[in-house]
file entry-v6.cif (mmCIF, C-alpha atoms)
data_query
loop_
_atom_site.label_atom_id
_atom_site.label_comp_id
_atom_site.auth_asym_id
_atom_site.auth_seq_id
_atom_site.Cartn_x
_atom_site.Cartn_y
_atom_site.Cartn_z
CA MET A 1 -19.82 31.23 19.56
CA GLY A 2 -19.42 27.63 20.72
CA PRO A 3 -16.19 27.98 22.68
CA ALA A 4 -17.47 31.13 24.39
CA LEU A 5 -20.62 29.39 25.68
CA VAL A 6 -18.69 26.27 26.68
CA THR A 7 -16.19 28.31 28.68
CA LEU A 8 -19.00 30.35 30.22
CA ALA A 9 -20.63 27.16 31.51
CA MET A 10 -17.29 25.76 32.63
CA GLY A 11 -16.45 29.00 34.40
CA THR A 12 -19.75 28.98 36.27
CA LEU A 13 -19.16 25.46 37.58
CA LEU A 14 -15.56 26.24 38.47
CA GLY A 15 -16.55 29.48 40.17
CA TYR A 16 -19.05 27.64 42.33
CA LEU A 17 -16.48 25.01 43.31
CA ALA A 18 -13.72 27.58 43.82
CA GLN A 19 -15.89 29.61 46.18
CA ARG A 20 -16.84 26.56 48.21
CA SER A 21 -13.33 25.10 48.36
CA ARG A 22 -11.43 28.43 48.74
CA PHE A 23 -9.07 27.18 46.04
CA CYS A 24 -5.93 29.24 45.45
CA LEU A 25 -2.73 28.21 43.73
CA ILE A 26 -0.61 30.88 45.38
CA GLY A 27 -2.23 30.25 48.75
CA GLY A 28 -1.24 26.59 48.60
CA LEU A 29 2.47 27.14 49.02
CA ARG A 30 1.97 30.21 51.24
CA ASP A 31 -0.26 28.37 53.71
CA PHE A 32 2.11 25.42 53.74
CA ILE A 33 5.05 27.63 54.71
CA LEU A 34 3.19 29.85 57.16
CA VAL A 35 0.87 27.42 58.96
CA ARG A 36 1.76 23.96 57.54
CA ASP A 37 -1.70 23.60 55.99
CA THR A 38 -1.47 21.29 52.97
CA GLU A 39 -5.13 21.46 51.89
CA LEU A 40 -4.69 24.03 49.10
CA LEU A 41 -1.30 22.67 48.05
CA LYS A 42 -2.92 19.27 47.46
CA GLY A 43 -5.47 21.01 45.27
CA ALA A 44 -2.73 22.54 43.12
CA LEU A 45 -0.99 19.17 42.80
CA ALA A 46 -4.30 17.51 41.94
CA LEU A 47 -4.85 20.07 39.18
CA PHE A 48 -1.43 19.44 37.69
CA ILE A 49 -1.57 15.65 37.89
CA THR A 50 -5.12 15.45 36.54
CA ALA A 51 -4.25 17.71 33.61
CA TRP A 52 -1.10 15.68 32.93
CA VAL A 53 -2.92 12.36 32.89
CA ALA A 54 -5.88 13.75 30.94
CA PHE A 55 -3.64 15.33 28.30
CA SER A 56 -1.79 12.05 27.89
CA VAL A 57 -5.02 10.05 27.59
CA ALA A 58 -6.46 12.56 25.13
CA GLY A 59 -3.20 12.41 23.19
CA VAL A 60 -3.40 8.61 22.96
CA PHE A 61 -6.89 8.92 21.44
CA GLY A 62 -5.68 11.62 19.07
CA LEU A 63 -7.88 14.30 20.61
CA VAL A 64 -4.98 16.60 21.46
CA ASP A 65 -2.26 17.38 18.95
CA PHE A 66 1.03 17.86 20.68
CA GLN A 67 2.49 20.76 18.78
CA SER A 68 4.71 23.46 20.06
CA PRO A 69 2.43 26.20 21.38
CA LYS A 70 2.50 29.18 19.10
CA LEU A 71 0.69 32.35 19.93
CA GLN A 72 3.11 35.13 19.21
CA GLU A 73 5.82 33.01 17.63
CA THR A 74 3.84 32.02 14.56
CA VAL A 75 3.17 35.59 13.60
CA GLN A 76 6.81 36.51 13.98
CA GLU A 77 8.02 33.47 12.09
CA GLU A 78 5.54 33.99 9.28
CA GLY A 79 6.71 37.56 9.06
CA ARG A 80 10.31 36.44 8.89
CA ALA A 81 9.43 33.79 6.33
CA ALA A 82 7.85 36.43 4.14
CA THR A 83 11.12 38.28 3.79
CA ILE A 84 12.96 35.88 1.53
CA SER A 85 16.75 35.62 1.38
CA THR A 86 17.20 35.78 5.12
CA PRO A 87 20.55 34.15 5.89
CA VAL A 88 19.12 32.68 9.12
CA PRO A 89 18.32 28.99 8.57
CA ARG A 90 14.70 28.54 9.56
CA PRO A 91 13.60 25.44 11.46
CA ALA A 92 12.47 22.98 8.85
CA ALA A 93 9.60 21.20 10.55
CA ARG A 94 6.15 22.70 10.37
CA GLY A 95 4.10 19.56 10.95
CA PRO A 96 3.40 17.78 14.22
CA VAL A 97 6.48 17.96 16.37
CA ALA A 98 7.11 17.28 20.01
CA SER A 99 6.17 20.27 22.08
CA THR A 100 9.69 20.49 23.44
CA ASP A 101 11.09 21.19 19.98
CA LEU A 102 11.93 24.32 18.08
CA ALA A 103 10.79 27.72 19.21
CA ARG A 104 10.24 27.16 22.90
CA GLN A 105 13.18 24.87 23.48
CA ILE A 106 15.63 26.07 26.08
CA THR A 107 19.01 26.64 24.51
CA TRP A 108 21.93 28.95 25.13
CA THR A 109 20.96 31.09 22.18
CA ASN A 110 17.47 31.99 23.31
CA TRP A 111 18.47 32.85 26.85
CA PRO A 112 16.70 36.24 26.80
CA ILE A 113 13.35 34.48 26.41
CA TRP A 114 13.69 32.04 29.28
CA ALA A 115 15.46 34.54 31.50
CA LEU A 116 12.57 36.93 30.95
CA THR A 117 10.10 34.11 31.60
CA ALA A 118 11.83 33.26 34.88
CA VAL A 119 11.93 36.89 36.02
CA ALA A 120 8.29 37.45 35.08
CA GLY A 121 7.40 34.22 36.87
CA ILE A 122 9.12 35.47 40.02
CA ALA A 123 7.27 38.79 39.71
CA LEU A 124 3.98 36.93 39.21
CA GLY A 125 4.52 34.85 42.33
CA LEU A 126 5.75 37.75 44.46
CA PHE A 127 3.00 40.21 43.55
CA SER A 128 0.29 37.54 43.76
CA THR A 129 1.43 36.57 47.24
CA LEU A 130 1.45 40.17 48.40
CA ALA A 131 -1.94 40.73 46.76
CA ASN A 132 -3.24 37.83 48.86
CA GLY A 133 -4.18 35.34 46.17
CA CYS A 134 -3.91 34.20 42.58
CA PRO A 135 -6.18 35.74 39.91
CA THR A 136 -8.73 32.92 40.31
CA ARG A 137 -9.05 33.59 44.02
CA GLN A 138 -9.34 37.33 43.44
CA HIS A 139 -12.25 36.81 41.03
CA VAL A 140 -13.97 34.65 43.64
CA LEU A 141 -13.36 37.19 46.41
CA ALA A 142 -14.68 40.00 44.21
CA ALA A 143 -17.85 37.98 43.61
CA GLN A 144 -18.05 37.49 47.38
CA GLY A 145 -18.15 41.25 47.87
CA ILE A 146 -14.61 42.06 49.03
CA GLN A 147 -14.08 45.59 47.71
CA ASP A 148 -10.30 45.31 47.62
CA SER A 149 -10.59 42.44 45.18
CA VAL A 150 -12.95 44.49 43.03
CA PHE A 151 -10.23 47.14 42.85
CA TYR A 152 -7.70 44.39 42.12
CA LEU A 153 -9.83 43.32 39.17
CA ILE A 154 -10.09 46.88 37.87
CA GLY A 155 -6.29 47.07 37.94
CA PHE A 156 -6.10 43.59 36.44
CA TYR A 157 -8.22 44.46 33.41
CA LEU A 158 -6.55 47.86 32.96
CA GLY A 159 -3.26 45.97 33.10
CA VAL A 160 -4.02 44.52 29.68
CA ILE A 161 -4.03 47.99 28.15
CA VAL A 162 -0.92 48.99 30.09
CA PHE A 163 0.84 45.84 28.89
CA TYR A 164 0.18 46.49 25.20
CA LEU A 165 0.81 50.23 25.39
CA ILE A 166 3.88 50.31 27.64
CA THR A 167 5.34 46.98 28.76
CA LYS A 168 5.42 45.21 25.42
CA PRO A 169 7.05 48.09 23.46
CA LEU A 170 9.58 48.45 26.29
CA LEU A 171 10.41 44.74 26.16
CA ALA A 172 10.69 44.92 22.38
CA LEU A 173 13.45 47.48 22.80
CA PHE A 174 15.66 44.95 24.59
CA MET A 175 14.81 41.72 22.79
CA MET B 176 -31.79 19.64 52.63
CA ARG B 177 -31.16 22.37 50.06
CA LYS B 178 -29.52 24.47 52.72
CA ARG B 179 -27.22 21.63 53.62
CA ILE B 180 -26.10 21.27 49.99
CA ALA B 181 -25.36 25.00 49.85
CA HIS B 182 -23.07 24.65 52.85
CA LEU B 183 -21.18 21.63 51.56
CA ARG B 184 -17.46 22.23 51.39
CA PRO B 185 -15.79 20.36 48.55
CA SER B 186 -12.06 20.11 49.13
CA ALA B 187 -9.48 21.92 47.04
CA VAL B 188 -8.54 18.54 45.59
CA THR B 189 -12.06 18.25 44.15
CA TYR B 190 -11.64 21.62 42.48
CA GLY B 191 -8.21 20.62 41.16
CA VAL B 192 -9.46 17.37 39.63
CA VAL B 193 -12.57 18.97 38.12
CA ALA B 194 -10.60 21.94 36.78
CA GLY B 195 -7.93 19.71 35.26
CA LEU B 196 -10.49 17.45 33.59
CA LEU B 197 -12.55 20.37 32.28
CA ALA B 198 -9.54 22.30 31.01
CA VAL B 199 -8.38 19.29 29.00
CA SER B 200 -11.82 18.24 27.81
CA VAL B 201 -12.84 21.66 26.51
CA GLN B 202 -9.73 21.57 24.37
CA ALA B 203 -10.08 17.94 23.31
CA LEU B 204 -13.86 17.76 22.83
CA PHE B 205 -15.17 21.30 22.42
CA ASN B 206 -12.43 22.73 20.24
CA VAL B 207 -11.21 25.49 22.52
CA LYS B 208 -7.93 25.87 20.61
CA PRO B 209 -5.52 27.08 19.28
CA PRO B 210 -3.40 27.95 21.26
CA PRO B 211 -3.12 24.64 23.14
CA ALA B 212 -3.67 24.23 26.88
CA TYR B 213 -5.94 27.27 26.80
CA GLY B 214 -8.91 25.80 28.67
CA ILE B 215 -8.52 27.86 31.83
CA CYS B 216 -6.53 31.05 31.97
CA MET B 217 -7.36 33.92 34.26
CA ALA B 218 -5.02 36.31 32.45
CA CYS B 219 -5.33 35.41 28.77
CA HIS B 220 -9.12 35.21 28.69
CA PRO B 221 -9.50 38.72 30.17
CA ARG B 222 -6.84 39.83 27.69
CA ASP B 223 -8.93 38.44 24.84
CA MET B 224 -12.05 40.08 26.23
CA VAL B 225 -10.49 43.53 26.67
CA ASN B 226 -8.70 43.46 23.32
CA TRP B 227 -11.79 42.15 21.53
CA LEU B 228 -13.83 45.01 22.96
CA LEU B 229 -11.16 47.57 22.05
CA ASN B 230 -10.81 46.18 18.55
CA HIS B 231 -14.56 46.34 18.00
CA LEU B 232 -14.94 49.80 19.52
CA THR B 233 -11.92 51.54 18.07
CA GLY B 234 -11.01 49.40 15.07
CA SER B 235 -7.54 48.63 16.39
CA HIS B 236 -5.75 45.32 15.85
CA TRP B 237 -4.56 44.23 19.24
CA GLU B 238 -3.50 40.68 19.84
CA ILE B 239 -6.23 38.09 20.35
CA ALA B 240 -5.86 34.31 20.61
CA PRO B 241 -7.32 32.58 17.52
CA VAL B 242 -10.13 30.90 19.52
CA SER B 243 -11.41 34.24 20.73
CA ALA B 244 -11.41 35.93 17.32
CA THR B 245 -15.20 35.92 16.78
CA VAL B 246 -16.47 35.83 20.38
CA PRO B 247 -14.00 36.00 23.30
CA LEU B 248 -13.88 33.18 25.84
CA LEU B 249 -16.03 34.00 28.86
CA THR B 250 -14.39 31.92 31.60
CA THR B 251 -13.86 34.88 33.90
CA VAL B 252 -17.47 36.03 33.56
CA GLY B 253 -18.65 32.50 34.32
CA LEU B 254 -16.33 32.34 37.31
CA LEU B 255 -17.75 35.56 38.74
CA ILE B 256 -21.33 34.32 38.21
CA GLY B 257 -20.63 30.91 39.73
CA ALA B 258 -18.78 32.32 42.71
CA SER B 259 -21.51 34.86 43.47
CA ILE B 260 -24.19 32.16 43.24
CA ALA B 261 -22.20 30.02 45.68
CA ALA B 262 -21.56 32.95 48.03
CA ARG B 263 -25.19 34.02 48.08
CA ARG B 264 -26.55 30.51 48.58
CA ALA B 265 -24.22 29.94 51.52
CA ARG B 266 -24.92 33.45 52.85
CA GLU B 267 -21.24 34.35 52.65
CA TYR B 268 -21.76 37.48 50.59
CA ARG B 269 -20.41 40.55 52.43
CA TRP B 270 -19.79 43.94 50.80
CA LEU B 271 -16.81 45.02 52.85
CA SER B 272 -13.49 46.76 52.50
CA LEU B 273 -10.20 45.55 53.97
CA GLY B 274 -8.70 49.01 53.57
CA LYS B 275 -6.11 48.14 50.93
CA ARG B 276 -7.87 49.29 47.78
CA ALA B 277 -5.05 51.32 46.19
CA ARG B 278 -2.55 48.56 46.94
CA SER B 279 -4.81 45.91 45.47
CA PHE B 280 -5.32 48.02 42.35
CA LEU B 281 -1.57 48.36 41.88
CA PHE B 282 -0.96 44.65 42.42
CA GLY B 283 -3.69 43.80 39.93
CA LEU B 284 -1.92 45.92 37.34
CA LEU B 285 1.48 44.36 38.06
CA VAL B 286 0.19 40.79 38.17
CA MET B 287 -1.52 41.15 34.80
CA ASN B 288 1.66 42.49 33.21
CA ALA B 289 3.79 39.70 34.66
CA ALA B 290 1.21 37.09 33.69
CA LEU B 291 1.06 38.25 30.08
CA ILE B 292 4.84 38.02 29.82
CA VAL B 293 4.92 34.40 31.01
CA THR B 294 1.90 33.68 28.75
CA GLY B 295 -0.56 32.82 31.44
CA CYS B 296 -1.85 32.94 34.95
CA PRO B 297 -0.61 30.30 37.45
CA THR B 298 -3.38 27.91 36.41
CA ARG B 299 -2.39 28.03 32.77
CA LEU B 300 1.29 27.66 33.65
CA LEU B 301 0.39 24.37 35.34
CA LEU B 302 -1.72 23.31 32.34
CA LEU B 303 1.08 24.17 29.91
CA SER B 304 3.57 22.23 32.02
CA ALA B 305 1.21 19.26 32.00
CA TYR B 306 0.96 19.68 28.23
CA GLY B 307 4.71 19.34 28.04
CA GLU B 308 6.02 22.81 27.42
CA VAL B 309 9.48 23.41 28.86
CA MET B 310 9.21 27.19 28.94
CA ALA B 311 6.17 26.92 31.22
CA LEU B 312 8.26 24.89 33.67
CA VAL B 313 10.69 27.81 33.83
CA GLY B 314 7.69 30.00 34.61
CA VAL B 315 6.51 27.62 37.34
CA ALA B 316 10.00 27.58 38.87
CA GLY B 317 10.01 31.36 38.89
CA LEU B 318 6.52 31.35 40.38
CA VAL B 319 7.62 29.12 43.26
CA ILE B 320 10.63 31.34 43.96
CA GLY B 321 8.38 34.39 43.85
CA ILE B 322 5.93 32.86 46.31
CA LEU B 323 8.79 31.91 48.64
CA CYS B 324 10.10 35.50 48.55
CA GLY B 325 6.63 36.92 49.11
CA THR B 326 5.92 34.59 52.01
CA TRP B 327 9.29 35.43 53.55
CA LEU B 328 8.37 39.12 53.36
CA LEU B 329 5.01 38.37 55.01
CA LYS B 330 6.65 36.27 57.71
CA LYS B 331 9.22 38.92 58.53
CA GLY B 332 6.43 41.47 58.73
CA LEU B 333 8.13 43.68 56.15
CA VAL B 334 4.86 43.80 54.23
CA SER B 335 1.48 43.40 55.83
#

call {"tool": "encode", "arguments": {"input": "entry-v6.cif", "output": "structure tokens"}}
result
Amino acid sequence: MGPALVTLAMGTLLGYLAQRSRFCLIGGLRDFILVRDTELLKGALALFITAWVAFSVAGVFGLVDFQSPKLQETVQEEGRAATISTPVPRPAARGPVASTDLARQITWTNWPIWALTAVAGIALGLFSTLANGCPTRQHVLAAQGIQDSVFYLIGFYLGVIVFYLITKPLLALFM
Amino acid sequence: MRKRIAHLRPSAVTYGVVAGLLAVSVQALFNVKPPPAYGICMACHPRDMVNWLLNHLTGSHWEIAPVSATVPLLTTVGLLIGASIAARRAREYRWLSLGKRARSFLFGLLVMNAALIVTGCPTRLLLLSAYGEVMALVGVAGLVIGILCGTWLLKKGLVS
């Protein structure tokens, strides 16, 4: 319950600020190229730098544990670990490791993962630009009463179901 | 006086700093983890919400981030509330159509699918990069290329 309420409060504050400042990550680069307006681009840089510094400070005080992010990987690895006598040598470390280690490290052997990440990143940027804003901006516009953004959000939330019913099984065929 | 506050325009840098600080502090102080760098995500939090609802309604077992297992994170709901408060206070609320509803719907669908493959919306990609994940940097590089392509298409007038 706690995290949900905390994020609800955080979202409200961020929504207020985002509406007032017209913040958009996609719009930053787009506006810079089209009209040489650096306002939004500075916002994106500020977000990155602040998060970088804050993560480092929090890490120094031991508030953030720098482990390799595992959302899907853990499940898969646990599953593989369950089947004993696999000839594949499993990565030994399980404890705190640098986030650049192990599963998400970029090597020649896991090229399908990072190639897919790059392609999906390109698709994300392209479609977001053509849709006129990043997801954050679209939420703000929908709250502002732009009907197109409301339709965007309907597609956005239906996209979750499409992803798990179609896209993910399709990707699993190739990977 | 109150009216003047409603019309204040904080810069995008203000939003960036506040968002960065909040995203890190909810993870560090309020236990919004695992997965890490999950403070703000406009794609994963809706994912958790939709899948949580589906799981509770139909008894399925679709993927949910561990934080959202009991109650899903409500960032997007908060964002909608906050933005509509701001829009109404500044009298910027307009119920209007730009005439691209079907297109927007399609792009919403595509963006969500792409975002779930790269494990996050642009904001979370930046957060993950700041956290030190290499794969997120690949995603950011792709994102930049994608934006360049999209802007080129807009500039050439190939897409309106």

call {"tool": "atom_distance", "arguments": {"input": "entry-v6.cif", "atom1": "CA of Asp31 (chain A)", "atom2": "CA of Leu197 (chain B)"}}
result
26.0 Å

call {"tool": "interface_residues", "arguments": {"input": "entry-v6.cif", "of": "chain A", "to": "chain B", "cutoff": "6 Å", "atoms": "all atoms listed in the file", "output": "VMD selection string"}}
result
chain A and resid 1 3 to 4 7 to 8 11 to 12 15 to 17 19 to 21 23 30 40 42 to 43 46 to 48 50 to 52 63 to 64 99 to 100 117 to 118 120 to 122 124 to 126 129 131 140 143 to 148 151 to 152 155 to 156 159 to 160 163

call {"tool": "write_last_selection", "arguments": {"input": "entry-v6.cif", "atoms": "C-alpha atoms", "output": "mmCIF file, in the coordinates of the input"}}
result
data_model
loop_
_atom_site.group_PDB
_atom_site.id
_atom_site.type_symbol
_atom_site.label_atom_id
_atom_site.label_comp_id
_atom_site.auth_asym_id
_atom_site.auth_seq_id
_atom_site.Cartn_x
_atom_site.Cartn_y
_atom_site.Cartn_z
ATOM 1 C CA MET A 1 -19.820 31.230 19.560
ATOM 2 C CA PRO A 3 -16.190 27.980 22.680
ATOM 3 C CA ALA A 4 -17.470 31.130 24.390
ATOM 4 C CA THR A 7 -16.190 28.310 28.680
ATOM 5 C CA LEU A 8 -19.000 30.350 30.220
ATOM 6 C CA GLY A 11 -16.450 29.000 34.400
ATOM 7 C CA THR A 12 -19.750 28.980 36.270
ATOM 8 C CA GLY A 15 -16.550 29.480 40.170
ATOM 9 C CA TYR A 16 -19.050 27.640 42.330
ATOM 10 C CA LEU A 17 -16.480 25.010 43.310
ATOM 11 C CA GLN A 19 -15.890 29.610 46.180
ATOM 12 C CA ARG A 20 -16.840 26.560 48.210
ATOM 13 C CA SER A 21 -13.330 25.100 48.360
ATOM 14 C CA PHE A 23 -9.070 27.180 46.040
ATOM 15 C CA ARG A 30 1.970 30.210 51.240
ATOM 16 C CA LEU A 40 -4.690 24.030 49.100
ATOM 17 C CA LYS A 42 -2.920 19.270 47.460
ATOM 18 C CA GLY A 43 -5.470 21.010 45.270
ATOM 19 C CA ALA A 46 -4.300 17.510 41.940
ATOM 20 C CA LEU A 47 -4.850 20.070 39.180
ATOM 21 C CA PHE A 48 -1.430 19.440 37.690
ATOM 22 C CA THR A 50 -5.120 15.450 36.540
ATOM 23 C CA ALA A 51 -4.250 17.710 33.610
ATOM 24 C CA TRP A 52 -1.100 15.680 32.930
ATOM 25 C CA LEU A 63 -7.880 14.300 20.610
ATOM 26 C CA VAL A 64 -4.980 16.600 21.460
ATOM 27 C CA SER A 99 6.170 20.270 22.080
ATOM 28 C CA THR A 100 9.690 20.490 23.440
ATOM 29 C CA THR A 117 10.100 34.110 31.600
ATOM 30 C CA ALA A 118 11.830 33.260 34.880
ATOM 31 C CA ALA A 120 8.290 37.450 35.080
ATOM 32 C CA GLY A 121 7.400 34.220 36.870
ATOM 33 C CA ILE A 122 9.120 35.470 40.020
ATOM 34 C CA LEU A 124 3.980 36.930 39.210
ATOM 35 C CA GLY A 125 4.520 34.850 42.330
ATOM 36 C CA LEU A 126 5.750 37.750 44.460
ATOM 37 C CA THR A 129 1.430 36.570 47.240
ATOM 38 C CA ALA A 131 -1.940 40.730 46.760
ATOM 39 C CA VAL A 140 -13.970 34.650 43.640
ATOM 40 C CA ALA A 143 -17.850 37.980 43.610
ATOM 41 C CA GLN A 144 -18.050 37.490 47.380
ATOM 42 C CA GLY A 145 -18.150 41.250 47.870
ATOM 43 C CA ILE A 146 -14.610 42.060 49.030
ATOM 44 C CA GLN A 147 -14.080 45.590 47.710
ATOM 45 C CA ASP A 148 -10.300 45.310 47.620
ATOM 46 C CA PHE A 151 -10.230 47.140 42.850
ATOM 47 C CA TYR A 152 -7.700 44.390 42.120
ATOM 48 C CA GLY A 155 -6.290 47.070 37.940
ATOM 49 C CA PHE A 156 -6.100 43.590 36.440
ATOM 50 C CA GLY A 159 -3.260 45.970 33.100
ATOM 51 C CA VAL A 160 -4.020 44.520 29.680
ATOM 52 C CA PHE A 163 0.840 45.840 28.890
#

call {"tool": "closest_residue", "arguments": {"input": "entry-v6.cif", "among": "B:His236, B:Tyr213, B:Arg264, B:Asn230", "to": "Ile180 (chain B)", "atoms": "only C-alpha atoms"}}
result
B:Arg264

call {"tool": "resolve_selection", "arguments": {"input": "entry-v6.cif", "expression": "the PyMOL selection byres ((chain A and resi 24) around 7)", "output": "list in words"}}
result
Arg22, Phe23, Leu25, Ile26, Gly27, Gly28, Leu40, Gly133, Cys134, Thr136 and Arg137 of chain A

call {"tool": "atom_distance", "arguments": {"input": "entry-v6.cif", "atom1": "CA of Phe174 (chain A)", "atom2": "CA of Leu116 (chain A)"}}
result
10.7 Å

call {"tool": "atom_distance", "arguments": {"input": "entry-v6.cif", "atom1": "CA of Leu141 (chain A)", "atom2": "CA of Leu158 (chain A)"}}
result
18.5 Å

call {"tool": "axis_aligned_box", "arguments": {"input": "entry-v6.cif", "around": "region 219-231 of chain B", "padding_each_side": "4 Å", "output": "JSON"}}
result
{"center_x": -9.9, "center_y": 41.4, "center_z": 24.1, "size_x": 17.2, "size_y": 20.4, "size_z": 20.2}
